[in-house]
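Participant: One structure, as structure tokens, below. Some questions next.
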Amino acid sequence: MTEPTTPLMSAESAVPQPAPLVSVSGLAKSFGDHEVLRSIDFEVAPGSVTVLIGPSGSGKTTVLRSLNALDVADAGVVRIGEVEVDFAQRPVTRQQVATLRAQSGMVFQSHHLFPHLTVLENVTAGPVLAQRRDRSEVAEEARELLRLVGLEEKSDAYPYQLSGGQQQRVGIARALAIKPKLMLFDEPTSALDPELVGEVLVVMKNLAAQGWTMVVVTHEIRFAQQVADQVLFMDGGVVVERGTPDEVLTRPRTERARQFLHRILDPLD
Amino acid sequence: MNEQTTQLILDSLGPLLRATVTTTIPLTLISFVLGLVLALGVALMRLSSVRVVSSLARIYVSLVRGTPLLLQLFIIYYGLPALGVRFDPFPAAVVAFTLNVGGYAAEVIRSAILSVPRGQWEAASTVGMGYVTTLRRVVLPQAVRTAIPPLSNTLISLVKDTSLASTIQVTELLRVAQEAAAPTYEFFALYGVAAVYYWVVCLVLSFVQARLEERQNRYVST
């Protein structure tokens, strides 16, 4: 369990560490008999990028979806900023779920844009329909976000008229529009044609450079190497290795991590 | 066709048209709109995770679909007075048809809601929408696309089913035709005119359906 660190207490260390924006402890989850997560712990410093890697079925997507309670964990505590939910305390109320969920923006593997709404309406959907903010003010912000992801000229298009990469960039803008504290990415490039992956990663890299706190599930090892502050390698529902990209990706300590990276980087070998 | 029959047909065109416009069409539209509202409620109940709620909805749908519409009309008009509930013919017909549409359309709406991918609910909730907002702004607008063809079927069937109301004193199209034919024995001519009127109403509805489908396709690649 982590003690809440006050500024006074952290003054003892030479370099004061900012309190983590996200703390996860003892996160556990089963689907039926299958134990997907067994006691996951980690912290995310504000403004940092955490990348979760690991074989499929390792539980990394479930970790991500537990951070906004799209999957409700069986046990464990998730804290984002001031909001803390203890999943062992049942029942987890709808109000708790909504409050936790409001802390983060989510980007899905298959974007899940609203097909019946234009690009601009997709981006304004959260602020206008859920947060009940003024439509014209929100539209101005939404155009700004579309400029950020390089799609301002597509405001009036419908999602089906866009390429996969463009759709995913709209998905990022839509998630940013609710002004979350944290951005979650669930394999944002896995469903894309290879030549469209780059444009999405560039947008994500820019967000990281702007100081967004991000948790990213991905198989893009080069992205992790360049952008991540912290890499967690998961397998079998546990975090097997954690550290800087250099530690986990270049000099992995465990055989499991070595094998996984080898399979990803040299699939034919 | 002799002159007398021709004259009878010409004379009947007006009254039959009046019956169509003042009774058959309003009966259809009122029952359909009320039935849709009921159906949406029943569909949401069917989708509820609360067992009692979904069971109630299931029983309702089963009763409506498992009994003849004519019998439902009779129960409401001739049967309910025994329990002290008395309707005039037209309101009795509206109640019966509303309940009937409510049962059939509930299944259509339920499956249309289920046809919207789960990811849409998730995406809506991650941008902060609750159940009602998600339903209104995300799920139902997409479900409509799936529901239009089968709901059009329900509506078109209803137009013709309203002829059953002739059996409970509602002076709708078929009954006016019957009344005009009875003294003259010109059944073929007058029922023929009635058939053409029903057909025209259904043609118009089919046309409206096609336009609605076209409109719904604006956001999908075809």
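Labels for the structure tokens follow display order: chains A, B, ..., residues from 1 in each chain, ligands from 1.
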Each residue of chain B lying at most 10 Å from chain A should get a row with its shortest atom-to-atom pair and the distance in Å to one decimal, counting only C-alpha atoms; could you produce that, ordered by chain and increasing number, as a tab-separated table?

Facilitator:
residue	atom	partner	partner_atom	distance
B:Pro117	CA	A:His112	CA	8.7
B:Arg118	CA	A:His112	CA	9.2
B:Gly119	CA	A:His112	CA	5.7
B:Gln120	CA	A:His112	CA	5.9
B:Trp121	CA	A:His112	CA	9.1
B:Glu122	CA	A:Leu70	CA	7.1
B:Ala123	CA	A:His112	CA	6.2
B:Ala124	CA	A:Gly126	CA	7.7
B:Ser125	CA	A:Arg101	CA	7.9
B:Thr126	CA	A:Arg101	CA	6.2
B:Val127	CA	A:Gly126	CA	4.6
B:Gly128	CA	A:Ala130	CA	5.3
B:Met129	CA	A:Ala130	CA	4.8
B:Gly130	CA	A:Ala130	CA	7.5
B:Thr133	CA	A:Leu129	CA	7.2
B:Thr134	CA	A:Leu129	CA	9.0
B:Arg137	CA	A:Leu129	CA	8.0
B:Val138	CA	A:Phe114	CA	6.9
B:Val139	CA	A:Phe114	CA	9.2
B:Pro141	CA	A:His116	CA	7.4
B:Gln142	CA	A:His116	CA	6.8
B:Gln216	CA	A:His116	CA	8.8
B:Asn217	CA	A:His116	CA	9.4
B:Arg218	CA	A:His116	CA	8.4
B:Tyr219	CA	A:His116	CA	5.6
B:Val220	CA	A:Tyr160	CA	6.2
B:Ser221	CA	A:Tyr160	CA	6.3

Participant: Enumerate, in order of chain and increasing residue number, the residues of range 25-143 of chain B with an atom no farther than 12 Å from range 204-208 of chain B, each with its shortest atom pair and distance in Å to one decimal, counting only C-alpha atoms, as a tab-separated table.

Facilitator:
residue	atom	partner	partner_atom	distance
B:Ile25	CA	B:Leu205	CA	11.2
B:Thr28	CA	B:Leu205	CA	11.6
B:Leu29	CA	B:Leu205	CA	11.3

Participant: When you count only C-alpha atoms, which of these residues is closest to Pro188 in chain A: A:Ala228, A:Thr250, A:Leu120, A:Gln109?

Facilitator: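 Of A:Ala228, A:Thr250, A:Leu120, A:Gln109, the one nearest Pro188 in chain A, counting only C-alpha atoms, is A:Gln109.
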
Participant: Excluding Asn153 in chain B and its own-chain neighbours fewer than 5 positions away, which residues fall within 12 Å of it when counting only C-alpha atoms? Please give them as a PyMOL selection string.

Facilitator: chain B and resi 32+101+104-105+108+147-148+158-160+202+205-206+209

Participant: Using CA of Tyr198 in chain B and CA of Leu38 in chain B as the two end points, give the distance in Å to one decimal.

Facilitator: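 Interatomic distance, CA of Tyr198 in chain B to CA of Leu38 in chain B: 25.7 Å.
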
Participant: Near Leu114 in chain B, counting only C-alpha atoms, which residues have an atom at most 9 Å away, once you skip same-chain residues fewer than 5 positions from it, shown as a PyMOL selection string?

Facilitator: chain B and resi 47+109+143

Participant: Would you mind listing what lies within 10 Å of range 263-269 of chain A as a list in words, with only C-alpha atoms counted and same-chain residues fewer than 2 positions away left out?

Facilitator: Gly54, Pro55, His219, Glu220, Ile221, Arg222, Ala257, Arg258, Gln259, Phe260 and Leu261 of chain A

Participant: Find the residues near Ala93 in chain B: any atom within 10 Å, counting only C-alpha atoms, skip ones fewer than 5 places away on the same chain, and give them as a list in words.

Facilitator: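 Everything that qualifies: Leu27, Thr28, Ser31, Gln72, Leu73, Phe74, Ile76, Tyr77, Phe87, Asp88, Thr98, Leu99, Thr162, Leu164, Ala165, Ser166, Ile168, Gln169 and Val170 of chain B.
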
Participant: What lies within 12 Å of Val196 in chain B using only C-alpha atoms, ignoring chain neighbours under 4 positions off, as a tab-separated table (two decimals) with N, CA and C atoms, in the first residue's frame?

Facilitator:
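Generated output (part-v1.tsv):
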chain	number	residue	atom	x	y	z
B	13	LEU	N	-67.35	6.09	-53.95
B	13	LEU	CA	-65.96	6.58	-53.85
B	13	LEU	C	-65.80	7.60	-52.73
B	16	LEU	N	-66.35	6.03	-49.05
B	16	LEU	CA	-65.24	5.14	-48.72
B	16	LEU	C	-63.95	5.92	-48.47
B	17	LEU	N	-63.77	6.96	-49.27
B	17	LEU	CA	-62.58	7.82	-49.07
B	17	LEU	C	-62.67	8.49	-47.70
B	20	THR	N	-61.81	6.16	-45.04
B	20	THR	CA	-60.36	5.92	-45.01
B	20	THR	C	-59.65	7.05	-44.28
B	160	LYS	N	-54.09	-2.90	-42.68
B	160	LYS	CA	-55.08	-3.89	-43.11
B	160	LYS	C	-55.80	-4.52	-41.91
B	173	LEU	N	-63.11	1.76	-43.14
B	173	LEU	CA	-63.27	1.53	-44.58
B	173	LEU	C	-64.06	0.26	-44.91
B	174	LEU	N	-63.69	-0.87	-44.34
B	174	LEU	CA	-64.37	-2.12	-44.70
B	174	LEU	C	-65.84	-2.08	-44.31
B	177	ALA	N	-67.89	-0.08	-46.65
B	177	ALA	CA	-68.08	-0.83	-47.89
B	177	ALA	C	-69.16	-1.91	-47.71
B	189	ALA	N	-68.03	-5.16	-56.49
B	189	ALA	CA	-67.68	-3.79	-56.83
B	189	ALA	C	-67.21	-3.01	-55.60
B	190	LEU	N	-67.98	-3.11	-54.51
B	190	LEU	CA	-67.65	-2.25	-53.37
B	190	LEU	C	-66.43	-2.76	-52.60
B	191	TYR	N	-66.32	-4.09	-52.45
B	191	TYR	CA	-65.11	-4.61	-51.81
B	191	TYR	C	-63.90	-4.34	-52.68
B	192	GLY	N	-64.13	-4.32	-54.00
B	192	GLY	CA	-63.04	-3.98	-54.92
B	192	GLY	C	-62.54	-2.56	-54.67
B	200	VAL	N	-53.71	1.55	-51.97
B	200	VAL	CA	-53.09	2.86	-52.19
B	200	VAL	C	-52.42	3.36	-50.90
B	201	VAL	N	-53.13	3.19	-49.78
B	201	VAL	CA	-52.53	3.63	-48.51
B	201	VAL	C	-51.20	2.89	-48.28
B	202	CYS	N	-51.20	1.59	-48.54
B	202	CYS	CA	-49.98	0.80	-48.34
B	202	CYS	C	-48.87	1.20	-49.31
B	203	LEU	N	-49.27	1.53	-50.55
B	203	LEU	CA	-48.27	2.00	-51.52
B	203	LEU	C	-47.59	3.26	-51.02

Participant: Between B:Ala194, B:Val50, B:Leu140, B:Leu212, single out the one closest to Arg110 in chain B, counting only C-alpha atoms.

Facilitator: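 Nearest to Arg110 in chain B: B:Leu140.
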
Participant: Pick out each residue of range 44-206 of chain A that DSSP on the backbone tags as alpha helix (DSSP H); I need them as number ranges by chain.

Facilitator: A: 60-67, 94-101, 119-124, 135-148, 164-176, 194-206

Participant: Output the selection as a PDB file, in the first residue's frame - C-alpha atoms for each residue.

Facilitator:
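After the write, again-v6.pdb holds the following:
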ATOM      1  CA  LYS A  60      -2.737  -5.921 -20.411  1.00  0.00           C
ATOM      2  CA  THR A  61      -5.996  -4.786 -22.015  1.00  0.00           C
ATOM      3  CA  THR A  62      -7.862  -5.796 -18.857  1.00  0.00           C
ATOM      4  CA  VAL A  63      -5.505  -3.641 -16.800  1.00  0.00           C
ATOM      5  CA  LEU A  64      -6.228  -0.706 -19.078  1.00  0.00           C
ATOM      6  CA  ARG A  65      -9.986  -1.319 -19.004  1.00  0.00           C
ATOM      7  CA  SER A  66      -9.876  -1.586 -15.219  1.00  0.00           C
ATOM      8  CA  LEU A  67      -8.429   1.919 -14.999  1.00  0.00           C
ATOM      9  CA  ARG A  94     -22.692   3.429 -10.723  1.00  0.00           C
ATOM     10  CA  GLN A  95     -21.654   6.818  -9.353  1.00  0.00           C
ATOM     11  CA  GLN A  96     -18.175   5.536  -8.438  1.00  0.00           C
ATOM     12  CA  VAL A  97     -17.746   4.016 -11.870  1.00  0.00           C
ATOM     13  CA  ALA A  98     -18.847   7.236 -13.588  1.00  0.00           C
ATOM     14  CA  THR A  99     -16.506   9.387 -11.512  1.00  0.00           C
ATOM     15  CA  LEU A 100     -13.526   7.118 -12.118  1.00  0.00           C
ATOM     16  CA  ARG A 101     -14.337   6.873 -15.807  1.00  0.00           C
ATOM     17  CA  VAL A 119     -16.332  14.035 -37.176  1.00  0.00           C
ATOM     18  CA  LEU A 120     -16.990  17.304 -35.344  1.00  0.00           C
ATOM     19  CA  GLU A 121     -20.082  15.893 -33.638  1.00  0.00           C
ATOM     20  CA  ASN A 122     -18.072  12.879 -32.517  1.00  0.00           C
ATOM     21  CA  VAL A 123     -15.525  15.141 -30.872  1.00  0.00           C
ATOM     22  CA  THR A 124     -18.142  17.369 -29.251  1.00  0.00           C
ATOM     23  CA  ARG A 135     -22.205  23.960 -27.988  1.00  0.00           C
ATOM     24  CA  SER A 136     -20.428  26.835 -29.749  1.00  0.00           C
ATOM     25  CA  GLU A 137     -17.672  27.063 -27.157  1.00  0.00           C
ATOM     26  CA  VAL A 138     -17.130  23.302 -27.378  1.00  0.00           C
ATOM     27  CA  ALA A 139     -17.110  23.403 -31.185  1.00  0.00           C
ATOM     28  CA  GLU A 140     -14.258  25.896 -31.042  1.00  0.00           C
ATOM     29  CA  GLU A 141     -12.233  23.587 -28.788  1.00  0.00           C
ATOM     30  CA  ALA A 142     -13.106  20.598 -30.946  1.00  0.00           C
ATOM     31  CA  ARG A 143     -11.761  22.333 -34.050  1.00  0.00           C
ATOM     32  CA  GLU A 144      -8.580  23.026 -32.127  1.00  0.00           C
ATOM     33  CA  LEU A 145      -8.294  19.323 -31.244  1.00  0.00           C
ATOM     34  CA  LEU A 146      -8.962  18.296 -34.834  1.00  0.00           C
ATOM     35  CA  ARG A 147      -6.164  20.657 -35.883  1.00  0.00           C
ATOM     36  CA  LEU A 148      -3.949  18.928 -33.310  1.00  0.00           C
ATOM     37  CA  GLY A 164      -8.519   3.816 -40.592  1.00  0.00           C
ATOM     38  CA  GLY A 165      -5.712   6.085 -39.445  1.00  0.00           C
ATOM     39  CA  GLN A 166      -7.895   9.166 -39.711  1.00  0.00           C
ATOM     40  CA  GLN A 167     -10.684   7.424 -37.800  1.00  0.00           C
ATOM     41  CA  GLN A 168      -8.270   6.583 -35.020  1.00  0.00           C
ATOM     42  CA  ARG A 169      -7.048  10.187 -34.885  1.00  0.00           C
ATOM     43  CA  VAL A 170     -10.652  11.356 -34.528  1.00  0.00           C
ATOM     44  CA  GLY A 171     -10.973   8.803 -31.723  1.00  0.00           C
ATOM     45  CA  ILE A 172      -8.006  10.460 -30.002  1.00  0.00           C
ATOM     46  CA  ALA A 173      -9.548  13.923 -30.425  1.00  0.00           C
ATOM     47  CA  ARG A 174     -12.869  12.657 -29.057  1.00  0.00           C
ATOM     48  CA  ALA A 175     -11.124  11.275 -25.973  1.00  0.00           C
ATOM     49  CA  LEU A 176      -9.153  14.502 -25.451  1.00  0.00           C
ATOM     50  CA  PRO A 194       0.747  -0.947 -41.781  1.00  0.00           C
ATOM     51  CA  GLU A 195       1.112   2.261 -43.761  1.00  0.00           C
ATOM     52  CA  LEU A 196      -1.446   4.018 -41.537  1.00  0.00           C
ATOM     53  CA  VAL A 197       0.214   3.153 -38.226  1.00  0.00           C
ATOM     54  CA  GLY A 198       2.741   5.989 -38.398  1.00  0.00           C
ATOM     55  CA  GLU A 199       0.266   8.871 -38.509  1.00  0.00           C
ATOM     56  CA  VAL A 200      -1.402   7.638 -35.321  1.00  0.00           C
ATOM     57  CA  LEU A 201       1.867   7.067 -33.486  1.00  0.00           C
ATOM     58  CA  VAL A 202       3.058  10.555 -34.456  1.00  0.00           C
ATOM     59  CA  VAL A 203      -0.040  12.090 -32.898  1.00  0.00           C
ATOM     60  CA  MET A 204       0.529  10.048 -29.734  1.00  0.00           C
ATOM     61  CA  LYS A 205       4.164  11.065 -29.628  1.00  0.00           C
ATOM     62  CA  ASN A 206       3.128  14.704 -29.878  1.00  0.00           C
TER      63      ASN A 206
END

Participant: What's the separation between CA of Ser54 in chain B and CA of Leu40 in chain B, in Å to one decimal place?

Facilitator: 13.0 Å
